[in-house]
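final-v6.pdb, holding PDB, C-alpha atoms, pLDDT in the B column:
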```pdb
ATOM      1  CA  MET A   1     -54.626 -40.044 -85.802  1.00 68.00           C
ATOM      2  CA  ASN A   2     -57.781 -42.048 -86.318  1.00 84.00           C
ATOM      3  CA  VAL A   3     -60.416 -40.221 -88.404  1.00 82.00           C
ATOM      4  CA  TYR A   4     -63.023 -40.648 -85.653  1.00 84.00           C
ATOM      5  CA  ALA A   5     -60.749 -39.275 -82.942  1.00 89.00           C
ATOM      6  CA  LYS A   6     -59.746 -36.396 -85.214  1.00 89.00           C
ATOM      7  CA  ASN A   7     -63.379 -35.430 -85.838  1.00 89.00           C
ATOM      8  CA  ILE A   8     -64.338 -35.735 -82.163  1.00 92.00           C
ATOM      9  CA  LEU A   9     -61.397 -33.477 -81.269  1.00 93.00           C
ATOM     10  CA  ARG A  10     -62.442 -31.026 -84.024  1.00 91.00           C
ATOM     11  CA  PHE A  11     -66.019 -31.051 -82.677  1.00 94.00           C
ATOM     12  CA  VAL A  12     -64.802 -30.186 -79.172  1.00 94.00           C
ATOM     13  CA  VAL A  13     -62.417 -27.459 -80.382  1.00 93.00           C
ATOM     14  CA  ILE A  14     -65.017 -25.820 -82.638  1.00 92.00           C
ATOM     15  CA  VAL A  15     -67.738 -25.920 -79.972  1.00 94.00           C
ATOM     16  CA  PHE A  16     -65.354 -24.427 -77.389  1.00 94.00           C
ATOM     17  CA  LEU A  17     -64.276 -21.685 -79.814  1.00 91.00           C
ATOM     18  CA  GLN A  18     -67.913 -20.908 -80.585  1.00 92.00           C
ATOM     19  CA  VAL A  19     -69.155 -21.004 -77.002  1.00 91.00           C
ATOM     20  CA  LEU A  20     -66.231 -19.494 -75.105  1.00 91.00           C
ATOM     21  CA  ILE A  21     -65.043 -16.875 -77.598  1.00 89.00           C
ATOM     22  CA  LEU A  22     -67.422 -16.122 -80.462  1.00 85.00           C
ATOM     23  CA  ASN A  23     -70.648 -16.184 -78.436  1.00 82.00           C
ATOM     24  CA  ARG A  24     -69.186 -13.379 -76.329  1.00 81.00           C
ATOM     25  CA  ILE A  25     -68.596 -11.247 -79.433  1.00 78.00           C
ATOM     26  CA  THR A  26     -71.693  -9.356 -80.478  1.00 72.00           C
ATOM     27  CA  LEU A  27     -71.472  -7.234 -83.578  1.00 71.00           C
ATOM     28  CA  HIS A  28     -73.425  -4.418 -85.208  1.00 66.00           C
ATOM     29  CA  TRP A  29     -72.488  -3.716 -88.809  1.00 60.00           C
ATOM     30  CA  PHE A  30     -75.091  -1.022 -89.269  1.00 59.00           C
ATOM     31  CA  PRO A  31     -76.860   1.518 -87.011  1.00 60.00           C
ATOM     32  CA  GLU A  32     -79.220  -0.076 -84.522  1.00 56.00           C
ATOM     33  CA  PRO A  33     -82.677  -0.320 -86.149  1.00 53.00           C
ATOM     34  CA  ALA A  34     -81.429  -1.892 -89.385  1.00 48.00           C
ATOM     35  CA  GLY A  35     -78.308  -3.590 -88.143  1.00 45.00           C
ATOM     36  CA  ALA A  36     -79.539  -5.895 -85.462  1.00 54.00           C
ATOM     37  CA  LEU A  37     -77.203  -7.755 -83.200  1.00 67.00           C
ATOM     38  CA  PHE A  38     -75.538 -10.938 -84.478  1.00 72.00           C
ATOM     39  CA  ILE A  39     -72.865 -13.409 -83.416  1.00 77.00           C
ATOM     40  CA  PRO A  40     -70.330 -14.847 -85.882  1.00 85.00           C
ATOM     41  CA  ALA A  41     -70.669 -18.609 -86.345  1.00 91.00           C
ATOM     42  CA  ILE A  42     -67.875 -21.072 -87.083  1.00 92.00           C
ATOM     43  CA  TYR A  43     -69.617 -24.176 -85.768  1.00 95.00           C
ATOM     44  CA  PRO A  44     -71.007 -25.131 -89.245  1.00 95.00           C
ATOM     45  CA  LEU A  45     -67.373 -25.760 -90.172  1.00 94.00           C
ATOM     46  CA  PHE A  46     -67.561 -29.108 -88.377  1.00 95.00           C
ATOM     47  CA  ILE A  47     -70.121 -30.377 -90.903  1.00 96.00           C
ATOM     48  CA  LEU A  48     -68.200 -28.822 -93.798  1.00 95.00           C
ATOM     49  CA  LEU A  49     -64.978 -30.653 -92.883  1.00 93.00           C
ATOM     50  CA  LEU A  50     -66.334 -34.171 -92.395  1.00 93.00           C
ATOM     51  CA  PRO A  51     -64.825 -36.703 -94.833  1.00 91.00           C
ATOM     52  CA  PHE A  52     -66.191 -36.891 -98.377  1.00 88.00           C
ATOM     53  CA  GLU A  53     -67.565 -40.426 -98.009  1.00 88.00           C
ATOM     54  CA  THR A  54     -69.575 -39.655 -94.848  1.00 90.00           C
ATOM     55  CA  PRO A  55     -73.087 -41.120 -95.283  1.00 92.00           C
ATOM     56  CA  VAL A  56     -76.028 -38.723 -95.232  1.00 94.00           C
ATOM     57  CA  TRP A  57     -77.492 -40.276 -92.073  1.00 95.00           C
ATOM     58  CA  VAL A  58     -74.200 -39.607 -90.238  1.00 95.00           C
ATOM     59  CA  LEU A  59     -74.207 -36.027 -91.542  1.00 96.00           C
ATOM     60  CA  LEU A  60     -77.762 -35.523 -90.285  1.00 96.00           C
ATOM     61  CA  LEU A  61     -77.000 -37.055 -86.887  1.00 97.00           C
ATOM     62  CA  SER A  62     -73.824 -34.968 -86.606  1.00 96.00           C
ATOM     63  CA  GLY A  63     -75.726 -31.840 -87.630  1.00 96.00           C
ATOM     64  CA  PHE A  64     -78.393 -32.524 -85.024  1.00 97.00           C
ATOM     65  CA  THR A  65     -75.816 -33.200 -82.289  1.00 96.00           C
ATOM     66  CA  LEU A  66     -73.845 -30.084 -83.165  1.00 96.00           C
ATOM     67  CA  GLY A  67     -76.941 -27.897 -83.408  1.00 95.00           C
ATOM     68  CA  VAL A  68     -78.423 -29.115 -80.130  1.00 96.00           C
ATOM     69  CA  THR A  69     -75.064 -28.613 -78.401  1.00 95.00           C
ATOM     70  CA  ILE A  70     -74.870 -25.001 -79.586  1.00 94.00           C
ATOM     71  CA  ASP A  71     -78.565 -24.481 -78.793  1.00 94.00           C
ATOM     72  CA  SER A  72     -78.016 -25.677 -75.223  1.00 93.00           C
ATOM     73  CA  PHE A  73     -75.294 -23.071 -74.673  1.00 91.00           C
ATOM     74  CA  MET A  74     -77.190 -20.247 -76.384  1.00 88.00           C
ATOM     75  CA  THR A  75     -80.736 -21.169 -75.239  1.00 85.00           C
ATOM     76  CA  THR A  76     -82.106 -20.837 -78.770  1.00 86.00           C
ATOM     77  CA  ALA A  77     -84.632 -23.698 -78.672  1.00 87.00           C
ATOM     78  CA  GLY A  78     -83.572 -25.708 -81.722  1.00 91.00           C
ATOM     79  CA  MET A  79     -82.859 -22.912 -84.201  1.00 93.00           C
ATOM     80  CA  HIS A  80     -79.198 -23.885 -84.606  1.00 94.00           C
ATOM     81  CA  ALA A  81     -80.170 -27.556 -84.908  1.00 96.00           C
ATOM     82  CA  CYS A  82     -82.700 -26.741 -87.632  1.00 96.00           C
ATOM     83  CA  ALA A  83     -80.191 -24.740 -89.678  1.00 96.00           C
ATOM     84  CA  THR A  84     -77.365 -27.230 -89.193  1.00 97.00           C
ATOM     85  CA  ILE A  85     -79.480 -30.254 -90.144  1.00 97.00           C
ATOM     86  CA  PHE A  86     -80.657 -28.528 -93.328  1.00 97.00           C
ATOM     87  CA  MET A  87     -77.068 -27.605 -94.222  1.00 97.00           C
ATOM     88  CA  ALA A  88     -75.928 -31.194 -93.532  1.00 97.00           C
ATOM     89  CA  TYR A  89     -78.718 -32.527 -95.745  1.00 97.00           C
ATOM     90  CA  LEU A  90     -77.592 -30.396 -98.710  1.00 96.00           C
ATOM     91  CA  ARG A  91     -73.859 -31.034 -98.237  1.00 94.00           C
ATOM     92  CA  THR A  92     -73.559 -34.211-100.334  1.00 92.00           C
ATOM     93  CA  ASN A  93     -75.425 -32.705-103.298  1.00 91.00           C
ATOM     94  CA  VAL A  94     -73.269 -29.564-103.239  1.00 92.00           C
ATOM     95  CA  LEU A  95     -70.077 -31.654-103.131  1.00 91.00           C
ATOM     96  CA  ASN A  96     -71.306 -33.885-105.966  1.00 87.00           C
ATOM     97  CA  ALA A  97     -71.923 -30.784-108.070  1.00 88.00           C
ATOM     98  CA  LEU A  98     -68.449 -29.371-107.405  1.00 85.00           C
ATOM     99  CA  MET A  99     -66.198 -32.430-107.429  1.00 81.00           C
ATOM    100  CA  PRO A 100     -65.002 -34.002-110.700  1.00 77.00           C
ATOM    101  CA  ARG A 101     -65.268 -37.596-109.429  1.00 74.00           C
ATOM    102  CA  ASN A 102     -67.721 -39.554-107.310  1.00 74.00           C
ATOM    103  CA  LEU A 103     -67.368 -38.792-103.583  1.00 71.00           C
ATOM    104  CA  SER A 104     -66.731 -42.467-102.756  1.00 70.00           C
ATOM    105  CA  GLU A 105     -63.455 -42.226-104.694  1.00 75.00           C
ATOM    106  CA  TYR A 106     -62.048 -39.724-102.168  1.00 77.00           C
ATOM    107  CA  ILE A 107     -61.211 -42.300 -99.512  1.00 77.00           C
ATOM    108  CA  ASN A 108     -60.088 -40.871 -96.149  1.00 77.00           C
ATOM    109  CA  GLN A 109     -60.069 -37.318 -97.508  1.00 84.00           C
ATOM    110  CA  GLN A 110     -62.017 -34.323 -96.326  1.00 87.00           C
ATOM    111  CA  PRO A 111     -63.113 -31.166 -98.094  1.00 89.00           C
ATOM    112  CA  SER A 112     -60.326 -28.635 -97.791  1.00 85.00           C
ATOM    113  CA  ILE A 113     -58.344 -26.149 -99.774  1.00 86.00           C
ATOM    114  CA  LYS A 114     -55.705 -28.830-100.296  1.00 85.00           C
ATOM    115  CA  THR A 115     -58.089 -31.451-101.755  1.00 84.00           C
ATOM    116  CA  MET A 116     -60.476 -29.134-103.617  1.00 86.00           C
ATOM    117  CA  GLY A 117     -58.523 -25.985-104.413  1.00 85.00           C
ATOM    118  CA  TRP A 118     -59.341 -22.446-103.279  1.00 88.00           C
ATOM    119  CA  MET A 119     -62.301 -21.601-105.516  1.00 91.00           C
ATOM    120  CA  PRO A 120     -64.258 -24.876-105.203  1.00 89.00           C
ATOM    121  CA  PHE A 121     -63.727 -24.860-101.421  1.00 91.00           C
ATOM    122  CA  LEU A 122     -64.845 -21.231-101.121  1.00 93.00           C
ATOM    123  CA  VAL A 123     -67.928 -21.898-103.285  1.00 93.00           C
ATOM    124  CA  TYR A 124     -68.749 -25.049-101.285  1.00 94.00           C
ATOM    125  CA  SER A 125     -68.287 -23.519 -97.850  1.00 95.00           C
ATOM    126  CA  GLY A 126     -69.767 -20.155 -98.826  1.00 95.00           C
ATOM    127  CA  PHE A 127     -72.928 -21.652-100.334  1.00 96.00           C
ATOM    128  CA  LEU A 128     -73.612 -23.973 -97.397  1.00 96.00           C
ATOM    129  CA  LEU A 129     -72.796 -21.267 -94.839  1.00 96.00           C
ATOM    130  CA  LEU A 130     -75.153 -18.867 -96.614  1.00 96.00           C
ATOM    131  CA  ILE A 131     -77.902 -21.524 -96.581  1.00 97.00           C
ATOM    132  CA  HIS A 132     -77.243 -22.100 -92.866  1.00 96.00           C
ATOM    133  CA  HIS A 133     -77.524 -18.389 -92.058  1.00 94.00           C
ATOM    134  CA  LEU A 134     -80.586 -17.956 -94.258  1.00 94.00           C
ATOM    135  CA  VAL A 135     -82.412 -20.764 -92.431  1.00 95.00           C
ATOM    136  CA  PHE A 136     -81.219 -19.718 -88.966  1.00 93.00           C
ATOM    137  CA  PHE A 137     -82.115 -16.026 -89.245  1.00 89.00           C
ATOM    138  CA  SER A 138     -85.407 -16.777 -91.023  1.00 89.00           C
ATOM    139  CA  VAL A 139     -86.440 -19.095 -88.204  1.00 91.00           C
ATOM    140  CA  GLU A 140     -85.210 -16.550 -85.658  1.00 85.00           C
ATOM    141  CA  SER A 141     -87.227 -13.659 -87.084  1.00 80.00           C
ATOM    142  CA  TRP A 142     -90.185 -15.843 -88.194  1.00 77.00           C
ATOM    143  CA  SER A 143     -91.622 -12.890 -90.065  1.00 68.00           C
ATOM    144  CA  ALA A 144     -91.230 -11.259 -93.447  1.00 66.00           C
ATOM    145  CA  ALA A 145     -92.227  -7.868 -92.053  1.00 68.00           C
ATOM    146  CA  SER A 146     -88.658  -6.628 -91.783  1.00 76.00           C
ATOM    147  CA  ILE A 147     -87.114  -8.332 -94.824  1.00 83.00           C
ATOM    148  CA  GLY A 148     -84.510  -5.580 -95.260  1.00 80.00           C
ATOM    149  CA  SER A 149     -83.241  -6.002 -91.715  1.00 78.00           C
ATOM    150  CA  LEU A 150     -83.244  -9.792 -92.148  1.00 82.00           C
ATOM    151  CA  LEU A 151     -81.193  -9.597 -95.354  1.00 85.00           C
ATOM    152  CA  LEU A 152     -78.706  -7.176 -93.762  1.00 82.00           C
ATOM    153  CA  LYS A 153     -78.331  -9.484 -90.771  1.00 83.00           C
ATOM    154  CA  ILE A 154     -77.789 -12.525 -93.024  1.00 88.00           C
ATOM    155  CA  ALA A 155     -75.239 -10.706 -95.200  1.00 88.00           C
ATOM    156  CA  ALA A 156     -73.287  -9.231 -92.289  1.00 85.00           C
ATOM    157  CA  SER A 157     -73.268 -12.514 -90.413  1.00 87.00           C
ATOM    158  CA  PHE A 158     -72.239 -14.427 -93.531  1.00 93.00           C
ATOM    159  CA  VAL A 159     -69.277 -12.146 -94.282  1.00 91.00           C
ATOM    160  CA  THR A 160     -68.091 -12.161 -90.679  1.00 90.00           C
ATOM    161  CA  SER A 161     -68.552 -15.922 -90.228  1.00 92.00           C
ATOM    162  CA  MET A 162     -66.775 -16.659 -93.520  1.00 94.00           C
ATOM    163  CA  ALA A 163     -63.832 -14.516 -92.400  1.00 92.00           C
ATOM    164  CA  PHE A 164     -63.593 -16.426 -89.100  1.00 90.00           C
ATOM    165  CA  ILE A 165     -63.847 -19.763 -90.954  1.00 90.00           C
ATOM    166  CA  LEU A 166     -61.030 -18.775 -93.311  1.00 91.00           C
ATOM    167  CA  VAL A 167     -58.870 -17.788 -90.341  1.00 90.00           C
ATOM    168  CA  TYR A 168     -59.620 -21.177 -88.730  1.00 87.00           C
ATOM    169  CA  ILE A 169     -58.761 -22.999 -91.959  1.00 87.00           C
ATOM    170  CA  LEU A 170     -55.491 -21.118 -92.359  1.00 86.00           C
ATOM    171  CA  LEU A 171     -54.490 -21.673 -88.729  1.00 87.00           C
ATOM    172  CA  PHE A 172     -55.509 -25.304 -88.284  1.00 78.00           C
ATOM    173  CA  THR A 173     -54.727 -26.979 -91.613  1.00 73.00           C
ATOM    174  CA  ARG A 174     -51.360 -28.268 -92.602  1.00 67.00           C
ATOM    175  CA  GLN A 175     -49.832 -26.486 -95.544  1.00 57.00           C
ATOM    176  CA  ASN A 176     -47.443 -28.250 -97.921  1.00 51.00           C
ATOM    177  CA  VAL A 177     -44.040 -26.694 -97.389  1.00 39.00           C
ATOM    178  CA  ALA A 178     -41.855 -26.483-100.486  1.00 39.00           C
ATOM    179  CA  ARG A 179     -38.403 -27.840 -99.778  1.00 37.00           C
ATOM    180  CA  ALA A 180     -35.478 -25.970-101.239  1.00 36.00           C
TER     181      ALA A 180
END
```

Could you take the file, read its structure, and then write that structure out as structure tokens?
Amino acid sequence: MNVYAKNILRFVVIVFLQVLILNRITLHWFPEPAGALFIPAIYPLFILLLPFETPVWVLLLSGFTLGVTIDSFMTTAGMHACATIFMAYLRTNVLNALMPRNLSEYINQQPSIKTMGWMPFLVYSGFLLLIHHLVFFSVESWSAASIGSLLLKIAASFVTSMAFILVYILLFTRQNVARA
């Protein structure tokens, strides 16, 4: 399948999963005053799985499109777009720090457990997802008055979102099958 068609299909699948399933799941990890309501997010996975050689301007445009799409379904007035664009902006630098070769040498490959290994992929996706949640929930609260509640919300959302992303990765990526 063409890389463009594959990414458009991934965009549609991830947005539908986020909007039709995950947006209907509201979680409380802690009692009500401290543990405010949050929704797990897998939509940043679209930016995380774009090919290595994707130019920064395409990442930013994709992040904006993805964020505005999610914002339109959740009526959050640009908060998802802000967080997704910032995550997309940092993506190339994080990959350059983690990968042994230049990103342009990974032609037609995307970040995954198969191409990066478990630990580098978990560090890469975990760091960028944490940045995304930090920006999103900071913009959402827009106050440092309840920093404890904000940090609990970020941590709980990060753990839950990372679990959903790992489930998505395990379900929707091809595994190499050893032949006997």

- request: Tell me which of A:Ile131, A:Leu103, A:Val58, A:Gly67 sits closest to A:Leu90, counting all atoms listed in the file.
  value: A:Ile131

field: Residues returned when the PyMOL selection byres ((chain A and resi 71-79) around 9) runs on this file, as a VMD selection string
entry: chain A and resid 19 23 66 to 70 80 to 84 135 to 137 139 to 140

field: Expected selection from the PyMOL selection byres ((chain A and resi 165-171) around 10), given as a list in words
entry: Ile14, Pro40, Ala41, Ile42, Tyr43, Pro44, Leu45, Leu49, Ser112, Ile113, Leu122, Ser125, Gly126, Leu129, Val159, Thr160, Ser161, Met162, Ala163, Phe164, Phe172, Thr173, Arg174 and Gln175 of chain A

Write a file of the just-selected residues containing C-alpha atoms, as a compact mmCIF listing (two decimals), in the coordinates of the input.
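Below is the file that was written, part-v2.txt:
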```txt
# COMPACT_ATOMS: atom_id res chain seq x y z
CA ILE A 14 -65.02 -25.82 -82.64
CA PRO A 40 -70.33 -14.85 -85.88
CA ALA A 41 -70.67 -18.61 -86.34
CA ILE A 42 -67.88 -21.07 -87.08
CA TYR A 43 -69.62 -24.18 -85.77
CA PRO A 44 -71.01 -25.13 -89.24
CA LEU A 45 -67.37 -25.76 -90.17
CA LEU A 49 -64.98 -30.65 -92.88
CA SER A 112 -60.33 -28.64 -97.79
CA ILE A 113 -58.34 -26.15 -99.77
CA LEU A 122 -64.84 -21.23 -101.12
CA SER A 125 -68.29 -23.52 -97.85
CA GLY A 126 -69.77 -20.16 -98.83
CA LEU A 129 -72.80 -21.27 -94.84
CA VAL A 159 -69.28 -12.15 -94.28
CA THR A 160 -68.09 -12.16 -90.68
CA SER A 161 -68.55 -15.92 -90.23
CA MET A 162 -66.78 -16.66 -93.52
CA ALA A 163 -63.83 -14.52 -92.40
CA PHE A 164 -63.59 -16.43 -89.10
CA PHE A 172 -55.51 -25.30 -88.28
CA THR A 173 -54.73 -26.98 -91.61
CA ARG A 174 -51.36 -28.27 -92.60
CA GLN A 175 -49.83 -26.49 -95.54
```

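The residue that comes closest to A:Arg24, out of A:Leu98, A:Leu50, A:Val12, A:Phe38 and on the basis of only C-alpha atoms, is A:Phe38.
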
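Checking A:Leu134, A:Ile85, A:Ile47, A:Leu60 one by one against A:Gln110, counting all atoms listed in the file, you find the shortest gap at A:Ile47.
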
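In this comparison, which uses all atoms listed in the file, the residue of A:Leu61, A:Leu150, A:Met119, A:Val15 approaching A:His133 most closely is A:Leu150.
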
- line: Here atom CA of A:Arg91 and atom CA of A:Leu48 stand apart by 7.5 Å

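Look at A:Pro111: the protein and nucleic acid residues within 7 Å of it, using all atoms listed in the file and passing over chain neighbours fewer than 2 places away, are Leu49, Pro51, Phe52, Gln109, Thr115 and Met116 of chain A.
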
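The gap separating atom CA of A:Phe127 from atom CA of A:Asn96 is 13.6 Å, in Å to one decimal.
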
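Distance annotation: of A:Lys6, A:Ile39, A:Lys153, A:Pro120, the residue with the minimal separation from A:Val94 is A:Pro120; atom set is only C-alpha atoms.
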
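Going from atom CA of A:Thr92 over to atom CA of A:Gly63, you cover 13.1 Å.
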
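Restricting the calculation to all atoms listed in the file, the smallest distance between A:Val56 and any of A:Leu27, A:Leu22, A:Ala88, A:Ile147 is found for A:Ala88.
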
Please extract stretch 47-134 of chain A and write it out with C-alpha atoms, as a PDB file, in the first residue's frame.
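Contents of decode_14.pdb, as written:
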```pdb
ATOM      1  CA  ILE A  47       2.156  11.906  14.600  1.00  0.00           C
ATOM      2  CA  LEU A  48       4.366   9.354  16.358  1.00  0.00           C
ATOM      3  CA  LEU A  49       3.999   6.816  13.529  1.00  0.00           C
ATOM      4  CA  LEU A  50       4.679   9.062  10.537  1.00  0.00           C
ATOM      5  CA  PRO A  51       7.754   7.986   8.534  1.00  0.00           C
ATOM      6  CA  PHE A  52      11.208   8.965   9.790  1.00  0.00           C
ATOM      7  CA  GLU A  53      12.008  11.219   6.823  1.00  0.00           C
ATOM      8  CA  THR A  54       8.813  13.298   7.138  1.00  0.00           C
ATOM      9  CA  PRO A  55       9.771  16.998   6.889  1.00  0.00           C
ATOM     10  CA  VAL A  56       9.036  19.225   9.871  1.00  0.00           C
ATOM     11  CA  TRP A  57       6.565  21.367   7.911  1.00  0.00           C
ATOM     12  CA  VAL A  58       4.535  18.231   7.076  1.00  0.00           C
ATOM     13  CA  LEU A  59       4.642  17.193  10.741  1.00  0.00           C
ATOM     14  CA  LEU A  60       3.375  20.619  11.801  1.00  0.00           C
ATOM     15  CA  LEU A  61       0.617  20.641   9.180  1.00  0.00           C
ATOM     16  CA  SER A  62      -0.383  17.090  10.136  1.00  0.00           C
ATOM     17  CA  GLY A  63      -0.354  18.019  13.822  1.00  0.00           C
ATOM     18  CA  PHE A  64      -2.547  21.037  13.151  1.00  0.00           C
ATOM     19  CA  THR A  65      -4.990  19.026  11.015  1.00  0.00           C
ATOM     20  CA  LEU A  66      -5.189  16.249  13.586  1.00  0.00           C
ATOM     21  CA  GLY A  67      -5.575  18.647  16.505  1.00  0.00           C
ATOM     22  CA  VAL A  68      -8.265  20.734  14.821  1.00  0.00           C
ATOM     23  CA  THR A  69     -10.143  17.564  13.847  1.00  0.00           C
ATOM     24  CA  ILE A  70     -10.164  16.337  17.451  1.00  0.00           C
ATOM     25  CA  ASP A  71     -10.992  19.845  18.701  1.00  0.00           C
ATOM     26  CA  SER A  72     -14.014  20.005  16.395  1.00  0.00           C
ATOM     27  CA  PHE A  73     -15.423  16.789  17.871  1.00  0.00           C
ATOM     28  CA  MET A  74     -14.646  17.714  21.481  1.00  0.00           C
ATOM     29  CA  THR A  75     -15.357  21.480  21.268  1.00  0.00           C
ATOM     30  CA  THR A  76     -12.080  22.331  22.997  1.00  0.00           C
ATOM     31  CA  ALA A  77     -11.210  25.493  21.042  1.00  0.00           C
ATOM     32  CA  GLY A  78      -7.708  24.652  19.821  1.00  0.00           C
ATOM     33  CA  MET A  79      -6.256  22.993  22.920  1.00  0.00           C
ATOM     34  CA  HIS A  80      -5.651  19.675  21.149  1.00  0.00           C
ATOM     35  CA  ALA A  81      -4.183  21.504  18.147  1.00  0.00           C
ATOM     36  CA  CYS A  82      -1.796  23.436  20.396  1.00  0.00           C
ATOM     37  CA  ALA A  83      -0.546  20.297  22.148  1.00  0.00           C
ATOM     38  CA  THR A  84      -0.287  18.261  18.952  1.00  0.00           C
ATOM     39  CA  ILE A  85       1.620  20.955  17.048  1.00  0.00           C
ATOM     40  CA  PHE A  86       4.123  21.307  19.897  1.00  0.00           C
ATOM     41  CA  MET A  87       4.595  17.527  20.024  1.00  0.00           C
ATOM     42  CA  ALA A  88       5.045  17.412  16.224  1.00  0.00           C
ATOM     43  CA  TYR A  89       7.631  20.192  16.426  1.00  0.00           C
ATOM     44  CA  LEU A  90       9.745  18.250  18.949  1.00  0.00           C
ATOM     45  CA  ARG A  91       9.408  14.873  17.204  1.00  0.00           C
ATOM     46  CA  THR A  92      12.393  15.161  14.840  1.00  0.00           C
ATOM     47  CA  ASN A  93      14.775  16.255  17.609  1.00  0.00           C
ATOM     48  CA  VAL A  94      13.676  13.394  19.875  1.00  0.00           C
ATOM     49  CA  LEU A  95      14.158  10.865  17.058  1.00  0.00           C
ATOM     50  CA  ASN A  96      17.579  12.303  16.197  1.00  0.00           C
ATOM     51  CA  ALA A  97      18.612  11.886  19.828  1.00  0.00           C
ATOM     52  CA  LEU A  98      17.453   8.261  19.972  1.00  0.00           C
ATOM     53  CA  MET A  99      18.388   6.866  16.564  1.00  0.00           C
ATOM     54  CA  PRO A 100      21.958   5.760  15.772  1.00  0.00           C
ATOM     55  CA  ARG A 101      21.892   7.061  12.180  1.00  0.00           C
ATOM     56  CA  ASN A 102      20.558  10.143  10.430  1.00  0.00           C
ATOM     57  CA  LEU A 103      16.775  10.013   9.922  1.00  0.00           C
ATOM     58  CA  SER A 104      17.135  10.419   6.140  1.00  0.00           C
ATOM     59  CA  GLU A 105      18.819   6.999   6.040  1.00  0.00           C
ATOM     60  CA  TYR A 106      15.600   5.286   7.192  1.00  0.00           C
ATOM     61  CA  ILE A 107      13.874   5.420   3.817  1.00  0.00           C
ATOM     62  CA  ASN A 108      10.206   4.342   3.816  1.00  0.00           C
ATOM     63  CA  GLN A 109      10.373   3.280   7.465  1.00  0.00           C
ATOM     64  CA  GLN A 110       8.353   4.524  10.386  1.00  0.00           C
ATOM     65  CA  PRO A 111       9.059   4.590  14.100  1.00  0.00           C
ATOM     66  CA  SER A 112       7.907   1.304  15.561  1.00  0.00           C
ATOM     67  CA  ILE A 113       8.957  -1.445  17.883  1.00  0.00           C
ATOM     68  CA  LYS A 114      10.236  -3.362  14.864  1.00  0.00           C
ATOM     69  CA  THR A 115      12.504  -0.565  13.553  1.00  0.00           C
ATOM     70  CA  MET A 116      13.595   0.944  16.880  1.00  0.00           C
ATOM     71  CA  GLY A 117      13.310  -1.815  19.462  1.00  0.00           C
ATOM     72  CA  TRP A 118      11.137  -1.799  22.585  1.00  0.00           C
ATOM     73  CA  MET A 119      13.062   0.591  24.834  1.00  0.00           C
ATOM     74  CA  PRO A 120      13.845   3.333  22.281  1.00  0.00           C
ATOM     75  CA  PHE A 121      10.240   3.228  21.025  1.00  0.00           C
ATOM     76  CA  LEU A 122       8.837   3.419  24.561  1.00  0.00           C
ATOM     77  CA  VAL A 123      11.173   6.318  25.438  1.00  0.00           C
ATOM     78  CA  TYR A 124      10.290   8.119  22.186  1.00  0.00           C
ATOM     79  CA  SER A 125       6.538   7.659  22.438  1.00  0.00           C
ATOM     80  CA  GLY A 126       6.437   8.128  26.210  1.00  0.00           C
ATOM     81  CA  PHE A 127       8.415  11.382  26.155  1.00  0.00           C
ATOM     82  CA  LEU A 128       6.378  12.943  23.345  1.00  0.00           C
ATOM     83  CA  LEU A 129       3.077  11.751  24.836  1.00  0.00           C
ATOM     84  CA  LEU A 130       4.060  13.220  28.204  1.00  0.00           C
ATOM     85  CA  ILE A 131       4.933  16.538  26.517  1.00  0.00           C
ATOM     86  CA  HIS A 132       1.574  16.452  24.704  1.00  0.00           C
ATOM     87  CA  HIS A 133      -0.356  15.872  27.935  1.00  0.00           C
ATOM     88  CA  LEU A 134       1.666  18.469  29.823  1.00  0.00           C
TER      89      LEU A 134
END
```
